[in-house]
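Have a look at model_24.txt; it's compact mmCIF, C-alpha atoms:
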# COMPACT_ATOMS: atom_id res chain seq x y z
CA MET A 226 42.28 146.45 42.17
CA ALA A 227 42.42 142.72 42.81
CA SER A 228 45.43 140.58 42.11
CA ASP A 229 44.56 137.12 40.92
CA ASP A 230 46.22 133.77 41.07
CA SER A 231 49.04 132.60 38.99
CA SER A 232 48.94 129.96 41.69
CA ASN A 233 42.85 134.13 49.63
CA VAL A 234 39.49 135.36 51.16
CA PRO A 235 36.39 135.87 49.04
CA LEU A 236 34.89 139.35 48.92
CA GLN A 237 31.61 138.13 50.31
CA GLU A 238 33.22 135.90 52.92
CA LEU A 239 34.55 138.86 54.90
CA THR A 240 31.52 141.06 55.36
CA GLY A 241 28.57 138.70 55.33
CA ALA A 242 26.45 140.77 52.95
CA ALA A 243 24.69 137.82 51.38
CA ALA A 244 25.35 134.82 53.55
CA ALA A 245 21.78 134.86 54.76
CA THR A 246 20.49 133.82 51.35
CA ALA A 247 18.65 130.52 51.08
CA ALA A 248 20.74 127.48 51.90
CA VAL A 249 20.23 126.15 48.40
CA VAL A 250 19.88 128.82 45.74
CA PRO A 251 17.70 127.72 42.80
CA PRO A 252 19.68 127.82 39.53
CA VAL A 253 18.98 130.73 37.22
CA LYS A 254 18.08 129.88 33.64
CA SER A 255 20.64 131.68 31.51
CA PRO A 256 23.19 130.81 28.81
CA LYS A 257 25.75 128.63 30.49
CA LEU A 258 28.75 130.51 31.80
CA LYS A 259 32.28 129.16 31.53
CA LEU A 260 34.68 129.58 34.42
CA TYR A 261 38.36 128.97 33.81
CA SER A 262 39.65 127.96 37.21
CA PHE A 263 42.32 126.13 39.17
CA TRP A 264 41.02 124.10 42.09
CA ARG A 265 43.52 125.53 44.60
CA SER A 266 43.19 129.14 43.48
CA SER A 267 41.51 131.30 46.12
CA CYS A 268 40.74 133.90 43.45
CA SER A 269 38.83 131.26 41.52
CA GLN A 270 37.20 130.12 44.75
CA ARG A 271 35.70 133.54 45.47
CA VAL A 272 34.15 133.58 42.00
CA ARG A 273 32.77 130.06 42.49
CA ILE A 274 31.18 131.25 45.73
CA ALA A 275 29.60 134.23 43.97
CA LEU A 276 28.23 132.04 41.17
CA ASN A 277 26.80 129.64 43.75
CA LEU A 278 25.26 132.46 45.78
CA LYS A 279 23.55 133.80 42.68
CA GLY A 280 22.40 130.35 41.62
CA LEU A 281 24.18 130.59 38.27
CA GLU A 282 25.04 127.39 36.45
CA TYR A 283 28.49 127.32 34.89
CA GLU A 284 30.84 125.02 33.06
CA TYR A 285 34.07 124.40 34.94
CA LYS A 286 37.14 124.72 32.70
CA PRO A 287 40.24 123.59 34.62
CA VAL A 288 43.54 125.40 34.09
CA ASN A 289 46.43 123.55 35.73
CA LEU A 290 48.78 126.25 36.96
CA LEU A 291 51.34 123.68 38.10
CA ALA A 292 51.56 122.43 34.50
CA ASN A 293 51.79 126.02 33.19
CA GLU A 294 48.52 125.66 31.26
CA GLN A 295 47.88 129.37 31.86
CA SER A 296 50.55 130.06 29.24
CA ASP A 297 48.60 128.23 26.56
CA PRO A 298 47.82 130.70 23.74
CA GLU A 299 44.10 129.90 24.00
CA PHE A 300 44.01 130.91 27.66
CA GLU A 301 46.27 133.90 27.08
CA ARG A 302 43.67 135.15 24.64
CA LEU A 303 41.16 135.15 27.49
CA ASN A 304 43.52 136.80 29.98
CA PRO A 305 46.75 138.31 28.64
CA ILE A 306 48.34 138.40 32.10
CA LYS A 307 47.79 134.63 32.32
CA TYR A 308 46.13 134.42 35.73
CA VAL A 309 42.99 132.57 36.78
CA PRO A 310 40.08 132.99 36.97
CA ALA A 311 38.53 134.04 33.68
CA LEU A 312 34.81 134.07 32.98
CA VAL A 313 33.17 133.70 29.58
CA ASP A 314 29.56 134.82 29.32
CA GLY A 315 28.49 134.47 25.71
CA GLU A 316 30.58 137.00 23.80
CA THR A 317 31.81 138.66 27.00
CA ILE A 318 35.15 137.73 28.55
CA VAL A 319 36.03 139.01 32.02
CA ALA A 320 39.27 138.23 33.84
CA ASP A 321 40.39 139.10 37.39
CA SER A 322 38.20 137.90 40.24
CA PHE A 323 37.21 141.35 41.48
CA ALA A 324 36.18 142.45 37.99
CA ILE A 325 34.22 139.22 37.59
CA LEU A 326 32.40 139.75 40.89
CA LEU A 327 31.39 143.28 39.89
CA TYR A 328 30.30 142.06 36.45
CA LEU A 329 28.16 139.33 37.98
CA GLU A 330 26.64 141.84 40.39
CA ASP A 331 25.60 144.12 37.50
CA LYS A 332 24.59 141.46 34.99
CA TYR A 333 22.83 139.11 37.42
CA PRO A 334 21.44 141.27 40.26
CA GLN A 335 19.54 138.47 41.99
CA TYR A 336 20.91 137.61 45.45
CA PRO A 337 23.17 140.69 45.72
CA LEU A 338 26.76 140.23 46.80
CA LEU A 339 27.06 143.78 48.09
CA PRO A 340 24.90 145.63 50.63
CA GLN A 341 22.80 148.56 49.42
CA ASP A 342 23.91 150.87 52.22
CA PRO A 343 26.75 153.05 50.78
CA LYS A 344 28.83 152.91 53.97
CA LYS A 345 28.64 149.13 54.24
CA ARG A 346 29.20 148.78 50.50
CA ALA A 347 32.35 150.90 50.71
CA LEU A 348 33.64 148.84 53.66
CA ASN A 349 33.02 145.65 51.69
CA ILE A 350 35.01 146.94 48.73
CA GLN A 351 37.77 148.28 51.00
CA ILE A 352 38.20 144.88 52.61
CA ALA A 353 38.21 143.13 49.25
CA SER A 354 40.83 145.58 48.03
CA ILE A 355 43.08 144.89 51.03
CA VAL A 356 42.89 141.17 50.37
CA GLY A 357 43.34 141.53 46.62
CA SER A 358 46.01 144.25 46.63
CA SER A 359 47.86 144.18 49.96
CA ILE A 360 47.89 140.51 50.96
CA GLN A 361 47.44 138.03 48.17
CA PRO A 362 49.77 139.34 45.45
CA LEU A 363 52.59 139.68 47.98
CA GLN A 364 52.51 135.99 48.92
CA ASN A 365 51.67 134.32 45.62
CA TYR A 366 53.90 131.90 43.75
CA PRO A 367 55.68 134.42 41.46
CA VAL A 368 56.77 136.60 44.40
CA TRP A 369 57.63 133.61 46.59
CA ASN A 370 59.73 132.03 43.83
CA PHE A 371 61.52 135.30 43.09
CA ILE A 372 62.50 135.85 46.75
CA GLU A 373 63.52 132.20 47.14
CA GLU A 374 65.70 132.45 44.04
CA LYS A 375 67.34 135.74 45.03
CA LEU A 376 67.67 134.96 48.75
CA ASP A 377 66.39 131.71 50.26
CA SER A 378 63.22 129.93 51.37
CA ASN A 379 63.50 131.24 54.94
CA GLU A 380 63.36 134.82 53.70
CA ALA A 381 60.41 133.94 51.48
CA ILE A 382 58.56 132.56 54.52
CA LYS A 383 59.34 135.69 56.56
CA TRP A 384 58.13 137.92 53.73
CA THR A 385 54.89 135.97 53.38
CA GLN A 386 54.17 135.92 57.11
CA HIS A 387 54.86 139.65 57.41
CA HIS A 388 52.39 140.67 54.71
CA ILE A 389 49.68 138.21 55.75
CA ASN A 390 49.92 139.36 59.38
CA ARG A 391 49.92 143.02 58.35
CA GLY A 392 46.83 142.54 56.20
CA PHE A 393 44.95 140.41 58.72
CA THR A 394 45.65 142.95 61.47
CA ALA A 395 44.10 145.67 59.33
CA LEU A 396 41.06 143.50 58.53
CA GLU A 397 40.60 142.63 62.18
CA LYS A 398 40.50 146.33 63.08
CA LEU A 399 38.07 147.15 60.28
CA LEU A 400 35.75 144.34 61.33
CA LYS A 401 35.93 144.99 65.06
CA GLY A 402 32.46 144.79 66.54
CA CYS A 403 31.10 142.86 63.56
CA SER A 404 28.57 140.25 64.64
CA THR A 405 26.40 137.87 62.65
CA LYS A 406 24.14 134.93 63.39
CA TYR A 407 27.06 132.73 62.25
CA ALA A 408 29.02 133.22 65.50
CA THR A 409 30.72 130.02 66.69
CA GLY A 410 31.22 130.69 70.40
CA ASN A 411 34.17 131.11 72.77
CA GLU A 412 36.53 128.83 70.86
CA ILE A 413 37.36 131.69 68.52
CA GLN A 414 39.22 133.45 71.34
CA LEU A 415 42.09 131.03 70.72
CA SER A 416 42.79 132.76 67.42
CA VAL A 417 45.04 135.79 66.99
CA TYR A 418 42.31 137.09 64.63
CA PRO A 419 39.06 136.16 66.42
CA VAL A 420 36.68 138.05 64.09
CA LEU A 421 38.22 136.59 60.95
CA ALA A 422 38.28 133.13 62.54
CA ARG A 423 34.62 133.37 63.50
CA LEU A 424 33.55 134.53 60.05
CA HIS A 425 35.67 131.86 58.37
CA GLU A 426 34.13 129.07 60.42
CA ALA A 427 30.63 130.46 59.89
CA TYR A 428 30.93 130.56 56.13
CA LEU A 429 32.33 127.05 56.02
CA GLU A 430 28.91 125.93 57.28
CA HIS A 431 27.11 127.50 54.30
CA PRO A 432 26.35 125.12 51.38
CA VAL A 433 27.38 127.52 48.60
CA PHE A 434 30.78 128.06 50.24
CA LEU A 435 31.24 124.34 50.80
CA ALA A 436 30.49 123.66 47.12
CA ALA A 437 33.23 126.12 46.13
CA LEU A 438 35.96 124.58 48.30
CA PRO A 439 39.15 123.63 46.43
CA GLU A 440 38.89 119.92 47.21
CA LYS A 441 35.35 119.82 45.79
CA GLN A 442 36.45 120.95 42.30
CA PRO A 443 36.67 118.52 39.36
CA ASP A 444 40.37 119.18 38.81
CA ALA A 445 41.32 118.58 42.45
CA PRO A 446 43.58 115.54 42.88
CA SER A 447 41.93 112.44 44.26
CA LEU A 448 43.01 111.46 47.76
Write out the structure in this file as structure tokens.
Amino acid sequence: MASDDSSNVPLQELTGAAAATAAVVPPVKSPKLKLYSFWRSSCSQRVRIALNLKGLEYEYKPVNLLANEQSDPEFERLNPIKYVPALVDGETIVADSFAILLYLEDKYPQYPLLPQDPKKRALNIQIASIVGSSIQPLQNYPVWNFIEEKLDSNEAIKWTQHHINRGFTALEKLLKGCSTKYATGNEIQLSVYPVLARLHEAYLEHPVFLAALPEKQPDAPSL
């Protein structure tokens, strides 16, 4: 259902199902998880957010996509399609961010990522599916590079903008009327997607989201 990075909005970030958890979630004592991640990967970022929300400690295992480290046989064993992220939990290996999120929800039910109400739960999954199936895979590096090679960079930009705008328009309609205590005021009216802009700004104020930001990761380049 979700297409992951070979190189953009976390499941939880869109619907606000668990953002009201404590600002600092106490770590859960469990065998240390291993997350194979690339600092700039939004698929990896959504898993980092989920791990932070649930208070799960994990070992960060960087995979440099720009250096083609995802093609290393050791990583290919973890995820044959050679995308990040991949999660190792003891003897269990789970790849694909959406699959990882659902696994974490079942295995570690504390601080739920999904609402209990079936209607809200379905909306949450629908939104995640739009991001993971109808936006992200259509603007990732492999597609961009293919279009650039067959046509040119201008066409690649047009393609990317078209699919991002199409997806964001759908999300904006689905989330119309959504309100949370994380509203940021009238400034959001400057955005073409005011609901998404408001939610994005709100979650960037939450410590577990801040800790998962690309520039905060150990493999991020130093400025």
Please indicate the distance in Å from CA of Leu400 (chain A) to CA of Leu339 (chain A), rounded to one decimal place.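 According to the coordinates, CA of Leu400 (chain A) and CA of Leu339 (chain A) are separated by 15.8 Å.
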Would you mind reading off the distance between CA of Phe300 (chain A) and CA of Leu326 (chain A), one decimal, in Å?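 For CA of Phe300 (chain A) relative to CA of Leu326 (chain A), the distance reads 19.7 Å.
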Would you tabulate, counting all atoms listed in the file, all residues of region 259-336 of chain A that have an atom at most 6 Å from an atom of region 436-440 of chain A, showing the closest pair of atoms and their distance in Å to one decimal, sorted by chain then ascending number, as CSV?
residue,atom,partner,partner_atom,distance
A:Trp264,CA,A:Pro439,CA,4.7
A:Arg265,CA,A:Pro439,CA,5.1
A:Gln270,CA,A:Ala437,CA,5.8
A:Arg273,CA,A:Ala437,CA,5.4
A:Ile274,CA,A:Ala437,CA,5.5
Between CA of Leu278 (chain A) and CA of Leu329 (chain A), what is the distance, to one decimal in Å? 10.8 Å
Centre, edges in Å (one decimal): axis-aligned box, region 273-280 of chain A, 6 Å padding on all six sides, as AutoDock Vina command-line options:
--center_x 27.6 --center_y 131.9 --center_z 43.5 --size_x 22.4 --size_y 16.6 --size_z 16.6
Using all atoms listed in the file, pick whichever of A:Cys403, A:Val420, A:Ala275, A:Ile389 has the shortest atom-to-atom distance to Ser322 (chain A).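 The answer is A:Ala275, which sits nearest to Ser322 (chain A).
Distances here use all atoms listed in the file; by that measure, the residue among A:Arg346, A:Arg302, A:His425, A:Lys375 closest to Val319 (chain A) is A:Arg302.
Minimum distance to Gly357 (chain A) across A:Glu380, A:Asp342, A:Asp321, A:Glu373 (counting all atoms listed in the file) occurs at A:Asp321.
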Would you please work out which residue, of A:Gly392, A:Pro446, A:Pro419, A:Pro334, is nearest to Pro362 (chain A) when using only C-alpha atoms? A:Gly392
Within 12 Å of Leu399 (chain A), counting all atoms listed in the file, which residues show up once you throw out same-chain ones fewer than 3 positions away? Write them as a list of chain:residue names, please. A:Leu239, A:Thr240, A:Lys345, A:Ala347, A:Leu348, A:Asn349, A:Ile350, A:Gln351, A:Ile352, A:Ala353, A:Ile355, A:Gly392, A:Phe393, A:Thr394, A:Ala395, A:Leu396, A:Gly402, A:Cys403, A:Tyr418, A:Val420, A:Leu421
Could you tell me which of A:Phe263, A:Tyr336, A:Tyr428, A:Trp369 comes closest to Lys441 (chain A) if we count all atoms listed in the file?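 Ranked by minimum distance to Lys441 (chain A), first place goes to A:Phe263.
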